>>> print(open('target-v5.tsv').read())   # TSV, C-alpha atoms (C1' of nucleotides)
chain	number	residue	atom	x	y	z
A	1	MET	CA	63.32	72.54	60.71
A	2	THR	CA	64.33	68.92	60.94
A	3	SER	CA	66.72	68.21	63.79
A	4	SER	CA	69.91	66.48	62.75
A	5	LEU	CA	70.64	62.97	63.93
A	6	LYS	CA	73.12	62.75	66.79
A	7	PRO	CA	74.59	59.25	66.79
A	8	THR	CA	75.08	57.80	70.27
A	9	LEU	CA	75.91	54.41	71.70
A	10	LEU	CA	72.88	54.35	73.99
A	11	LEU	CA	71.00	51.10	73.46
A	12	ASP	CA	67.56	52.64	73.82
A	13	GLU	CA	68.24	55.21	71.14
A	14	GLN	CA	69.33	52.67	68.53
A	15	LEU	CA	67.06	51.88	65.61
A	16	CYS	CA	69.01	48.68	65.06
A	17	PHE	CA	68.19	47.30	68.51
A	18	ALA	CA	64.51	48.22	68.21
A	19	LEU	CA	64.46	46.32	64.91
A	20	TYR	CA	66.33	43.33	66.28
A	21	ALA	CA	64.16	43.12	69.41
A	22	ALA	CA	60.90	43.58	67.48
A	23	SER	CA	61.87	40.91	64.98
A	24	ARG	CA	62.67	38.34	67.68
A	25	ARG	CA	59.50	39.25	69.54
A	26	MET	CA	57.48	38.78	66.35
A	27	THR	CA	59.02	35.36	65.78
A	28	ALA	CA	58.27	34.44	69.39
A	29	THR	CA	54.65	35.47	68.87
A	30	TYR	CA	54.38	33.24	65.81
A	31	ARG	CA	55.99	30.28	67.58
A	32	PRO	CA	52.96	28.80	69.36
A	33	LEU	CA	50.81	29.24	66.25
A	34	LEU	CA	53.40	27.58	64.02
A	35	ASP	CA	54.10	24.81	66.54
A	36	ALA	CA	50.52	23.73	65.91
A	37	LEU	CA	51.40	23.39	62.22
A	38	GLY	CA	54.71	21.67	62.94
A	39	LEU	CA	56.69	24.53	61.35
A	40	THR	CA	59.43	26.87	62.50
A	41	TYR	CA	59.21	30.50	61.45
A	42	PRO	CA	61.73	30.27	58.57
A	43	GLN	CA	60.06	27.05	57.42
A	44	TYR	CA	56.73	28.91	57.43
A	45	LEU	CA	58.25	31.58	55.19
A	46	VAL	CA	59.41	28.92	52.74
A	47	MET	CA	55.92	27.43	52.73
A	48	LEU	CA	54.39	30.89	52.08
A	49	VAL	CA	56.55	31.21	48.98
A	50	LEU	CA	55.70	27.72	47.76
A	51	TRP	CA	51.97	28.20	48.35
A	52	GLU	CA	52.19	31.24	46.08
A	53	ARG	CA	54.23	29.45	43.44
A	54	ASP	CA	55.15	25.79	43.58
A	55	GLY	CA	58.15	24.21	41.92
A	56	LEU	CA	60.77	26.89	42.55
A	57	THR	CA	64.46	26.05	42.71
A	58	VAL	CA	66.59	26.53	45.82
A	59	ARG	CA	68.09	29.60	44.17
A	60	GLU	CA	64.69	31.14	43.47
A	61	LEU	CA	63.55	30.50	47.05
A	62	GLY	CA	66.77	32.09	48.25
A	63	GLU	CA	66.22	35.18	46.13
A	64	ARG	CA	62.69	35.56	47.42
A	65	LEU	CA	63.65	35.16	51.09
A	66	GLN	CA	67.19	36.53	50.87
A	67	LEU	CA	68.62	33.31	52.29
A	68	ASP	CA	71.50	31.27	50.94
A	69	SER	CA	71.86	27.55	50.36
A	70	GLY	CA	73.69	27.12	53.65
A	71	THR	CA	70.45	28.02	55.38
A	72	LEU	CA	67.98	26.60	52.89
A	73	THR	CA	69.49	23.20	52.14
A	74	PRO	CA	69.17	21.79	55.68
A	75	LEU	CA	65.84	23.57	56.22
A	76	LEU	CA	64.42	22.03	53.04
A	77	LYS	CA	65.71	18.62	54.06
A	78	ARG	CA	63.77	18.95	57.30
A	79	LEU	CA	60.64	19.94	55.36
A	80	GLU	CA	61.26	16.89	53.17
A	81	GLN	CA	61.59	14.69	56.28
A	82	ALA	CA	58.28	16.11	57.46
A	83	ASP	CA	56.81	15.11	54.08
A	84	LEU	CA	55.79	18.69	53.25
A	85	VAL	CA	58.01	19.12	50.18
A	86	GLY	CA	59.88	17.02	47.65
A	87	ARG	CA	63.33	17.83	46.26
A	88	ARG	CA	64.65	16.70	42.91
A	89	ARG	CA	67.26	17.78	40.39
A	90	ARG	CA	65.82	19.33	37.27
A	91	LYS	CA	66.23	17.33	34.08
A	92	SER	CA	66.80	20.49	32.07
A	93	ASP	CA	69.67	21.62	34.33
A	94	GLU	CA	70.97	19.19	36.86
A	95	ARG	CA	72.59	21.92	38.93
A	96	GLU	CA	69.16	23.10	40.00
A	97	VAL	CA	67.09	21.43	42.71
A	98	GLU	CA	63.37	21.93	42.32
A	99	ILE	CA	61.24	22.08	45.45
A	100	THR	CA	57.64	20.93	45.11
A	101	LEU	CA	54.85	20.72	47.66
A	102	THR	CA	53.60	17.28	48.60
A	103	GLN	CA	49.88	16.73	49.08
A	104	ALA	CA	50.44	17.20	52.83
A	105	GLY	CA	52.27	20.45	52.06
A	106	ARG	CA	49.37	21.68	49.97
A	107	ASN	CA	46.90	20.59	52.64
A	108	LEU	CA	48.68	22.66	55.27
A	109	HIS	CA	47.79	25.84	53.38
A	110	GLU	CA	44.23	25.90	54.63
A	111	ARG	CA	45.23	25.48	58.28
A	112	ALA	CA	47.81	28.22	57.89
A	113	LEU	CA	45.16	30.76	56.93
A	114	ASP	CA	44.42	31.19	60.64
A	115	VAL	CA	47.95	32.37	61.39
A	116	PRO	CA	47.84	35.91	59.95
A	117	ARG	CA	44.35	36.35	61.37
A	118	CYS	CA	45.58	35.53	64.90
A	119	LEU	CA	48.51	37.88	64.48
A	120	ALA	CA	46.29	40.67	63.22
A	121	ASN	CA	44.29	40.33	66.42
A	122	ARG	CA	47.42	40.65	68.52
A	123	LEU	CA	48.64	43.72	66.71
A	124	CYS	CA	45.84	46.16	67.54
A	125	MET	CA	46.85	48.18	64.54
A	126	SER	CA	44.75	49.69	61.78
A	127	ALA	CA	45.31	48.38	58.29
A	128	ASP	CA	46.80	51.72	57.36
A	129	GLU	CA	49.31	51.70	60.20
A	130	PHE	CA	50.15	48.09	59.39
A	131	MET	CA	50.82	48.82	55.74
A	132	ARG	CA	52.75	51.99	56.41
A	133	LEU	CA	55.07	50.31	58.92
A	134	ARG	CA	55.53	47.33	56.58
A	135	ASP	CA	56.39	49.57	53.65
A	136	GLU	CA	58.79	51.66	55.73
A	137	LEU	CA	60.62	48.47	56.73
A	138	LYS	CA	60.74	47.37	53.10
A	139	SER	CA	62.21	50.66	52.02
A	140	LEU	CA	64.71	50.58	54.90
A	141	ALA	CA	65.85	47.11	53.83
A	142	ALA	CA	66.07	48.24	50.23
A	143	GLN	CA	68.17	51.22	51.23
A	144	LEU	CA	70.55	49.07	53.25
A	145	ALA	CA	70.76	46.55	50.41
A	146	ALA	CA	71.71	49.22	47.90
A	147	PRO	CA	75.39	49.37	47.01
A	148	THR	CA	77.17	51.88	49.22
A	149	ASP	CA	78.21	54.53	46.76
A	150	GLU	CA	78.07	57.12	49.52
A	151	ARG	CA	81.08	59.02	50.70
A	152	ASP	CA	81.74	58.66	54.40
B	1	MET	CA	37.26	55.55	57.19
B	2	THR	CA	40.07	53.15	58.03
B	3	SER	CA	40.06	50.04	55.87
B	4	SER	CA	40.02	46.78	57.79
B	5	LEU	CA	42.99	44.46	57.64
B	6	LYS	CA	42.53	41.47	55.35
B	7	PRO	CA	44.96	38.78	56.43
B	8	THR	CA	46.57	36.90	53.55
B	9	LEU	CA	49.40	34.45	53.16
B	10	LEU	CA	51.18	36.49	50.51
B	11	LEU	CA	54.79	36.99	51.53
B	12	ASP	CA	55.04	40.54	50.26
B	13	GLU	CA	52.04	41.65	52.29
B	14	GLN	CA	53.39	40.32	55.59
B	15	LEU	CA	54.64	42.74	58.20
B	16	CYS	CA	56.49	39.88	59.84
B	17	PHE	CA	58.62	39.18	56.77
B	18	ALA	CA	59.39	42.86	56.24
B	19	LEU	CA	60.56	42.97	59.85
B	20	TYR	CA	62.60	39.77	59.59
B	21	ALA	CA	64.24	40.82	56.32
B	22	ALA	CA	64.98	44.37	57.52
B	23	SER	CA	66.51	43.06	60.74
B	24	ARG	CA	68.82	40.67	58.92
B	25	ARG	CA	69.76	43.34	56.43
B	26	MET	CA	70.57	45.74	59.26
B	27	THR	CA	72.80	43.15	60.91
B	28	ALA	CA	74.51	42.53	57.57
B	29	THR	CA	75.13	46.28	57.25
B	30	TYR	CA	76.74	46.37	60.69
B	31	ARG	CA	78.92	43.33	60.00
B	32	PRO	CA	81.86	44.97	58.18
B	33	LEU	CA	81.93	47.80	60.73
B	34	LEU	CA	81.88	45.40	63.67
B	35	ASP	CA	84.41	43.06	62.08
B	36	ALA	CA	86.85	45.93	62.38
B	37	LEU	CA	86.19	45.93	66.14
B	38	GLY	CA	86.32	42.14	66.41
B	39	LEU	CA	82.67	41.95	67.50
B	40	THR	CA	79.57	40.20	66.25
B	41	TYR	CA	76.31	42.12	66.30
B	42	PRO	CA	74.93	40.53	69.51
B	43	GLN	CA	78.33	40.99	71.15
B	44	TYR	CA	78.18	44.66	70.16
B	45	LEU	CA	74.79	44.96	71.86
B	46	VAL	CA	76.22	43.48	75.06
B	47	MET	CA	79.09	45.96	74.90
B	48	LEU	CA	76.64	48.86	74.41
B	49	VAL	CA	74.89	47.86	77.62
B	50	LEU	CA	78.16	47.51	79.54
B	51	TRP	CA	79.51	50.84	78.26
B	52	GLU	CA	76.38	52.44	79.69
B	53	ARG	CA	76.61	50.59	82.99
B	54	ASP	CA	79.43	48.27	83.91
B	55	GLY	CA	79.23	45.40	86.38
B	56	LEU	CA	75.79	44.04	85.52
B	57	THR	CA	74.90	40.41	86.15
B	58	VAL	CA	74.01	37.97	83.40
B	59	ARG	CA	70.38	38.27	84.43
B	60	GLU	CA	70.44	42.07	84.17
B	61	LEU	CA	72.06	41.90	80.75
B	62	GLY	CA	69.41	39.41	79.71
B	63	GLU	CA	66.60	41.68	80.85
B	64	ARG	CA	68.06	44.60	78.97
B	65	LEU	CA	68.58	42.67	75.73
B	66	GLN	CA	65.76	40.17	76.14
B	67	LEU	CA	68.16	37.25	75.83
B	68	ASP	CA	68.46	34.24	78.10
B	69	SER	CA	71.49	32.56	79.64
B	70	GLY	CA	71.56	29.94	76.91
B	71	THR	CA	72.47	32.73	74.51
B	72	LEU	CA	74.45	34.96	76.83
B	73	THR	CA	76.67	32.45	78.64
B	74	PRO	CA	78.61	31.28	75.57
B	75	LEU	CA	78.60	34.80	74.07
B	76	LEU	CA	80.09	36.23	77.28
B	77	LYS	CA	82.67	33.46	77.37
B	78	ARG	CA	83.77	34.49	73.89
B	79	LEU	CA	83.99	38.13	75.01
B	80	GLU	CA	86.05	36.90	77.96
B	81	GLN	CA	88.32	34.94	75.60
B	82	ALA	CA	88.74	38.15	73.60
B	83	ASP	CA	89.74	39.87	76.86
B	84	LEU	CA	86.93	42.41	76.58
B	85	VAL	CA	85.06	41.41	79.75
B	86	GLY	CA	85.67	39.54	82.98
B	87	ARG	CA	83.20	37.18	84.67
B	88	ARG	CA	83.09	36.41	88.36
B	89	ARG	CA	80.57	35.16	90.89
B	90	ARG	CA	79.35	37.82	93.28
B	91	LYS	CA	80.44	37.44	96.88
B	92	SER	CA	77.05	38.67	98.08
B	93	ASP	CA	75.13	36.04	96.11
B	94	GLU	CA	77.11	33.31	94.48
B	95	ARG	CA	74.32	32.47	92.06
B	96	GLU	CA	74.98	35.72	90.24
B	97	VAL	CA	77.79	36.22	87.74
B	98	GLU	CA	78.95	39.79	87.39
B	99	ILE	CA	80.27	40.95	84.04
B	100	THR	CA	82.83	43.74	84.08
B	101	LEU	CA	84.68	45.47	81.27
B	102	THR	CA	88.42	44.95	81.03
B	103	GLN	CA	90.65	47.87	80.12
B	104	ALA	CA	90.57	46.62	76.51
B	105	GLY	CA	86.78	46.52	76.71
B	106	ARG	CA	86.66	50.10	77.94
B	107	ASN	CA	89.15	51.17	75.29
B	108	LEU	CA	86.94	49.77	72.54
B	109	HIS	CA	84.26	52.32	73.40
B	110	GLU	CA	85.99	55.14	71.64
B	111	ARG	CA	86.50	53.19	68.42
B	112	ALA	CA	82.84	52.13	68.52
B	113	LEU	CA	81.66	55.73	68.37
B	114	ASP	CA	82.18	55.61	64.61
B	115	VAL	CA	79.69	52.80	64.14
B	116	PRO	CA	76.39	54.68	64.62
B	117	ARG	CA	77.77	57.57	62.59
B	118	CYS	CA	78.52	55.29	59.63
B	119	LEU	CA	75.07	53.75	59.90
B	120	ALA	CA	73.39	57.13	60.05
B	121	ASN	CA	75.10	57.99	56.77
B	122	ARG	CA	73.76	54.82	55.16
B	123	LEU	CA	70.20	55.43	56.31
B	124	CYS	CA	69.45	58.68	54.47
B	125	MET	CA	66.73	59.37	56.99
B	126	SER	CA	65.91	62.49	58.91
B	127	ALA	CA	66.27	62.33	62.69
B	128	ASP	CA	62.49	62.60	62.95
B	129	GLU	CA	61.86	59.67	60.64
B	130	PHE	CA	64.53	57.69	62.44
B	131	MET	CA	63.01	58.29	65.85
B	132	ARG	CA	59.46	57.69	64.71
B	133	LEU	CA	60.30	54.34	63.10
B	134	ARG	CA	62.36	53.33	66.14
B	135	ASP	CA	59.53	54.20	68.51
B	136	GLU	CA	56.95	52.40	66.39
B	137	LEU	CA	59.09	49.27	66.53
B	138	LYS	CA	59.45	49.63	70.28
B	139	SER	CA	55.72	49.93	70.72
B	140	LEU	CA	55.13	46.97	68.38
B	141	ALA	CA	57.51	44.83	70.45
B	142	ALA	CA	55.84	46.00	73.65
B	143	GLN	CA	52.45	45.10	72.28
B	144	LEU	CA	53.60	41.63	71.27
B	145	ALA	CA	55.27	41.14	74.64
B	146	ALA	CA	52.11	42.02	76.53
B	147	PRO	CA	50.18	39.07	77.91
B	148	THR	CA	47.53	37.95	75.46
B	149	ASP	CA	44.34	38.74	77.34
B	150	GLU	CA	42.56	39.11	74.02
B	151	ARG	CA	39.74	36.89	72.98
B	152	ASP	CA	40.31	35.25	69.64
C	1	DT	C1'	85.90	21.14	20.74
C	2	DC	C1'	87.82	21.60	24.72
C	3	DA	C1'	89.68	24.39	28.42
C	4	DA	C1'	88.28	28.17	31.33
C	5	DA	C1'	84.80	30.59	33.55
C	6	DT	C1'	80.35	30.59	35.55
C	7	DT	C1'	76.45	28.86	37.96
C	8	DT	C1'	74.07	26.03	41.43
C	9	DA	C1'	73.85	23.24	45.56
C	10	DA	C1'	75.88	21.14	49.19
C	11	DT	C1'	79.18	21.05	52.93
C	12	DT	C1'	81.79	22.83	56.83
C	13	DG	C1'	82.46	25.72	60.62
C	14	DT	C1'	81.15	29.54	63.79
C	15	DG	C1'	77.87	31.98	66.39
C	16	DC	C1'	73.58	33.07	67.77
C	17	DA	C1'	68.39	32.02	69.68
C	18	DC	C1'	65.77	29.46	72.54
C	19	DA	C1'	63.46	25.40	74.81
C	20	DA	C1'	64.31	22.11	78.26
C	21	DT	C1'	66.89	20.46	81.82
C	22	DA	C1'	70.45	20.41	85.44
C	23	DT	C1'	72.97	22.32	89.23
C	24	DA	C1'	73.96	25.11	92.85
C	25	DA	C1'	72.95	28.91	96.00
C	26	DT	C1'	69.57	31.37	98.51
C	27	DT	C1'	65.17	32.33	100.63
C	28	DT	C1'	60.98	30.98	102.70
C	29	DT	C1'	58.12	28.31	105.79
C	30	DC	C1'	57.07	25.60	109.07
D	1	DG	C1'	67.23	25.21	111.49
D	2	DA	C1'	65.96	21.85	108.05
D	3	DA	C1'	62.87	20.79	104.12
D	4	DA	C1'	60.68	22.98	100.26
D	5	DA	C1'	60.40	26.47	97.01
D	6	DT	C1'	62.67	29.89	94.40
D	7	DT	C1'	66.36	32.05	91.86
D	8	DA	C1'	70.53	32.35	88.82
D	9	DT	C1'	73.48	30.39	85.75
D	10	DA	C1'	75.13	26.66	82.97
D	11	DT	C1'	74.43	22.79	79.83
D	12	DT	C1'	72.36	20.25	76.04
D	13	DG	C1'	70.11	19.87	71.81
D	14	DT	C1'	67.77	21.78	67.68
D	15	DG	C1'	67.46	25.02	64.11
D	16	DC	C1'	68.62	28.89	61.86
D	17	DA	C1'	72.13	32.58	59.46
D	18	DC	C1'	76.01	33.20	56.96
D	19	DA	C1'	80.97	33.02	55.38
D	20	DA	C1'	84.02	30.08	52.96
D	21	DT	C1'	84.93	26.14	50.43
D	22	DT	C1'	83.88	22.20	47.46
D	23	DA	C1'	81.87	19.72	43.72
D	24	DA	C1'	79.31	19.12	39.79
D	25	DA	C1'	76.90	20.78	35.70
D	26	DT	C1'	76.60	24.15	32.21
D	27	DT	C1'	78.07	27.93	29.35
D	28	DT	C1'	81.50	30.58	27.02
D	29	DG	C1'	85.10	31.48	23.92
D	30	DA	C1'	89.34	30.97	21.66
>>> encode(input="target-v5.tsv", output="structure tokens")
Amino acid sequence: MTSSLKPTLLLDEQLCFALYAASRRMTATYRPLLDALGLTYPQYLVMLVLWERDGLTVRELGERLQLDSGTLTPLLKRLEQADLVGRRRRKSDEREVEITLTQAGRNLHERALDVPRCLANRLCMSADEFMRLRDELKSLAAQLAAPTDERD
Amino acid sequence: MTSSLKPTLLLDEQLCFALYAASRRMTATYRPLLDALGLTYPQYLVMLVLWERDGLTVRELGERLQLDSGTLTPLLKRLEQADLVGRRRRKSDEREVEITLTQAGRNLHERALDVPRCLANRLCMSADEFMRLRDELKSLAAQLAAPTDERD
DNA sequence: TCAAATTTAATTGTGCACAATATAATTTTC
DNA sequence: GAAAATTATATTGTGCACAATTAAATTTGA
């Protein structure tokens, strides 16, 4: 049989704290690697998206990363200051701001290839464990994102 | 055989992004529940620790939550403003600031018992799955926290 | 066609995170 | 027991997150 979940307020028993602590620890592990590239962790995520597909709008970046314009607008301005991206209103629809990589932004891609390799070394995890944990987190996020049509 | 991990820069393949996104989504799921208690998510974590053991110092809270004084000092001042905790220097060592629950802080404990129950309903996870994922995240965080005596 | 509704970014304000530094109290060492 | 080192908290500054509001462009619909 599967034991039923007994909710408590003990910190060490909380999934939410394990998630929160692991996420901050992961970001801290990336920090020295990303410092070398002149990027913060959220800036790195934006660059990942743009390296996959350049020329997205702020809205499209936000959908991909689940971040709103209040976060992205200043972040993108800092990337623009660093000469990694350009920002310009689209001719076809002036409400949209298109973000494009500069040459320096494109050049950074190659140096960034080291980052996941370094992390993989730190993880001491098999590819299978890695993918299973990743997919469990994705499905957890999807479940929490789903509209709450549950009775309480 | 176990396939070897091939590091890429594709967002959807990154464990780190799955972790980051799941953590933010979890916090967002807590938000409406904690709003009802007048707490933010990090404030709730501090209260969890104090409900388990009252009268800790800022340093001890920081060790438990892996947060430094730059985060905790203003957060604790807001909890003090909300009359949930008191702060006072210890007589035995005036460098230390002891945090104690007020009566209102203790009273909040009972109302908070609903929070993990509501979350458990949202998760649609067996207790076994819950505990396994939680423990995997704990061991991931521990691994990343360990000193990097790896060769690259 | 033109007013209303919608969409998209930007702005504002609050609250973390965290690095770096400052300050004050305590402990250690000589 | 006084100088030096250590410890604990607070402060400052930067950069997210995210809610709420604003502003501008576009679309919709009578």
>>> closest_atom_pairs(input="target-v5.tsv", of="chain C", to="chain B", cutoff="12 Å", atoms="all atoms listed in the file", output="JSON lines")
{"residue": "C:DT14", "atom": "C1'", "partner": "B:Thr40", "partner_atom": "CA", "distance": 11.1}
{"residue": "C:DG15", "atom": "C1'", "partner": "B:Leu75", "partner_atom": "CA", "distance": 8.2}
{"residue": "C:DC16", "atom": "C1'", "partner": "B:Thr71", "partner_atom": "CA", "distance": 6.8}
{"residue": "C:DA17", "atom": "C1'", "partner": "B:Thr71", "partner_atom": "CA", "distance": 6.4}
{"residue": "C:DC18", "atom": "C1'", "partner": "B:Gly70", "partner_atom": "CA", "distance": 7.3}
{"residue": "C:DA19", "atom": "C1'", "partner": "B:Gly70", "partner_atom": "CA", "distance": 9.5}
{"residue": "C:DA20", "atom": "C1'", "partner": "B:Gly70", "partner_atom": "CA", "distance": 10.8}
{"residue": "C:DT21", "atom": "C1'", "partner": "B:Gly70", "partner_atom": "CA", "distance": 11.7}
{"residue": "C:DT23", "atom": "C1'", "partner": "B:Arg95", "partner_atom": "CA", "distance": 10.6}
{"residue": "C:DA24", "atom": "C1'", "partner": "B:Arg95", "partner_atom": "CA", "distance": 7.4}
{"residue": "C:DA25", "atom": "C1'", "partner": "B:Arg95", "partner_atom": "CA", "distance": 5.5}
{"residue": "C:DT26", "atom": "C1'", "partner": "B:Asp93", "partner_atom": "CA", "distance": 7.6}
{"residue": "C:DT27", "atom": "C1'", "partner": "B:Asp93", "partner_atom": "CA", "distance": 11.5}
>>> atom_distance(input="target-v5.tsv", atom1="atom CA of Thr29 of chain B", atom2="atom CA of Leu144 of chain A")
6.7 Å
>>> closest_residue(input="target-v5.tsv", among="A:Leu61, A:Cys16, A:Met131, A:Leu76", to="chain D", atoms="all atoms listed in the file")
A:Leu76
>>> residues_near_point(input="target-v5.tsv", point="(78.8, 53.9, 68.2)", cutoff="7 Å", atoms="only C-alpha atoms (C1' of nucleotides)", output="count of residues only")
9
>>> atom_distance(input="target-v5.tsv", atom1="atom CA of Arg25 of chain A", atom2="atom CA of Leu39 of chain A")
17.1 Å
>>> atom_distance(input="target-v5.tsv", atom1="atom CA of Thr102 of chain A", atom2="atom CA of Gly86 of chain A")
6.4 Å
>>> closest_atom_pairs(input="target-v5.tsv", of="chain D", to="chain B", cutoff="9 Å", atoms="all atoms listed in the file", output="JSON lines")
{"residue": "D:DT7", "atom": "C1'", "partner": "B:Arg95", "partner_atom": "CA", "distance": 8.0}
{"residue": "D:DA8", "atom": "C1'", "partner": "B:Arg95", "partner_atom": "CA", "distance": 5.0}
{"residue": "D:DT9", "atom": "C1'", "partner": "B:Arg95", "partner_atom": "CA", "distance": 6.7}
{"residue": "D:DA10", "atom": "C1'", "partner": "B:Thr73", "partner_atom": "CA", "distance": 7.4}
{"residue": "D:DT11", "atom": "C1'", "partner": "B:Gly70", "partner_atom": "CA", "distance": 8.2}
{"residue": "D:DA17", "atom": "C1'", "partner": "B:Arg24", "partner_atom": "CA", "distance": 8.8}
>>> write_last_selection(input="target-v5.tsv", atoms="C-alpha atoms (C1' of nucleotides)", output="mmCIF file, in the coordinates of the input")
data_model
loop_
_atom_site.group_PDB
_atom_site.id
_atom_site.type_symbol
_atom_site.label_atom_id
_atom_site.label_comp_id
_atom_site.auth_asym_id
_atom_site.auth_seq_id
_atom_site.Cartn_x
_atom_site.Cartn_y
_atom_site.Cartn_z
ATOM 1 C "C1'" DT D 7 66.360 32.050 91.860
ATOM 2 C "C1'" DA D 8 70.530 32.350 88.820
ATOM 3 C "C1'" DT D 9 73.480 30.390 85.750
ATOM 4 C "C1'" DA D 10 75.130 26.660 82.970
ATOM 5 C "C1'" DT D 11 74.430 22.790 79.830
ATOM 6 C "C1'" DA D 17 72.130 32.580 59.460
#
>>> closest_residue(input="target-v5.tsv", among="A:Ala104, A:Ala82, A:Leu15, A:Val46", to="chain B", atoms="only C-alpha atoms")
A:Leu15
>>> closest_residue(input="target-v5.tsv", among="C:DT6, C:DT1, C:DT12, C:DT29", to="DC18 of chain D", atoms="only C-alpha atoms (C1' of nucleotides)")
C:DT12
>>> build_atoms(input="target-v5.tsv", residues="segment 139-145 of chain A", atoms="all heavy atoms", output="mmCIF file, keeping the file's coordinate frame")
data_model
loop_
_atom_site.group_PDB
_atom_site.id
_atom_site.type_symbol
_atom_site.label_atom_id
_atom_site.label_comp_id
_atom_site.auth_asym_id
_atom_site.auth_seq_id
_atom_site.Cartn_x
_atom_site.Cartn_y
_atom_site.Cartn_z
ATOM 1 N N SER A 139 61.355 49.657 52.657
ATOM 2 C CA SER A 139 62.210 50.660 52.020
ATOM 3 C C SER A 139 63.520 50.803 52.797
ATOM 4 O O SER A 139 64.583 51.045 52.216
ATOM 5 C CB SER A 139 61.453 51.980 51.871
ATOM 6 O OG SER A 139 61.790 52.884 52.881
ATOM 7 N N LEU A 140 63.473 50.603 54.110
ATOM 8 C CA LEU A 140 64.710 50.580 54.900
ATOM 9 C C LEU A 140 65.623 49.455 54.440
ATOM 10 O O LEU A 140 66.822 49.659 54.201
ATOM 11 C CB LEU A 140 64.369 50.397 56.391
ATOM 12 C CG LEU A 140 65.549 50.175 57.342
ATOM 13 C CD1 LEU A 140 66.462 51.391 57.372
ATOM 14 C CD2 LEU A 140 65.058 49.848 58.757
ATOM 15 N N ALA A 141 65.050 48.258 54.274
ATOM 16 C CA ALA A 141 65.850 47.110 53.830
ATOM 17 C C ALA A 141 66.433 47.361 52.449
ATOM 18 O O ALA A 141 67.592 47.045 52.178
ATOM 19 C CB ALA A 141 65.001 45.842 53.845
ATOM 20 N N ALA A 142 65.608 47.963 51.585
ATOM 21 C CA ALA A 142 66.070 48.240 50.230
ATOM 22 C C ALA A 142 67.231 49.231 50.258
ATOM 23 O O ALA A 142 68.210 49.082 49.516
ATOM 24 C CB ALA A 142 64.913 48.794 49.385
ATOM 25 N N GLN A 143 67.114 50.219 51.131
ATOM 26 C CA GLN A 143 68.170 51.220 51.230
ATOM 27 C C GLN A 143 69.485 50.605 51.721
ATOM 28 O O GLN A 143 70.563 50.899 51.202
ATOM 29 C CB GLN A 143 67.740 52.305 52.201
ATOM 30 C CG GLN A 143 68.650 53.503 52.154
ATOM 31 C CD GLN A 143 67.874 54.765 52.479
ATOM 32 O OE1 GLN A 143 68.042 55.314 53.555
ATOM 33 N NE2 GLN A 143 67.014 55.182 51.582
ATOM 34 N N LEU A 144 69.353 49.707 52.703
ATOM 35 C CA LEU A 144 70.550 49.070 53.250
ATOM 36 C C LEU A 144 71.137 48.056 52.265
ATOM 37 O O LEU A 144 72.328 47.764 52.302
ATOM 38 C CB LEU A 144 70.228 48.373 54.576
ATOM 39 C CG LEU A 144 69.825 49.301 55.719
ATOM 40 C CD1 LEU A 144 69.447 48.489 56.946
ATOM 41 C CD2 LEU A 144 70.935 50.278 56.042
ATOM 42 N N ALA A 145 70.282 47.537 51.385
ATOM 43 C CA ALA A 145 70.760 46.550 50.410
ATOM 44 C C ALA A 145 71.470 47.230 49.248
ATOM 45 O O ALA A 145 72.306 46.617 48.579
ATOM 46 C CB ALA A 145 69.593 45.719 49.888
#
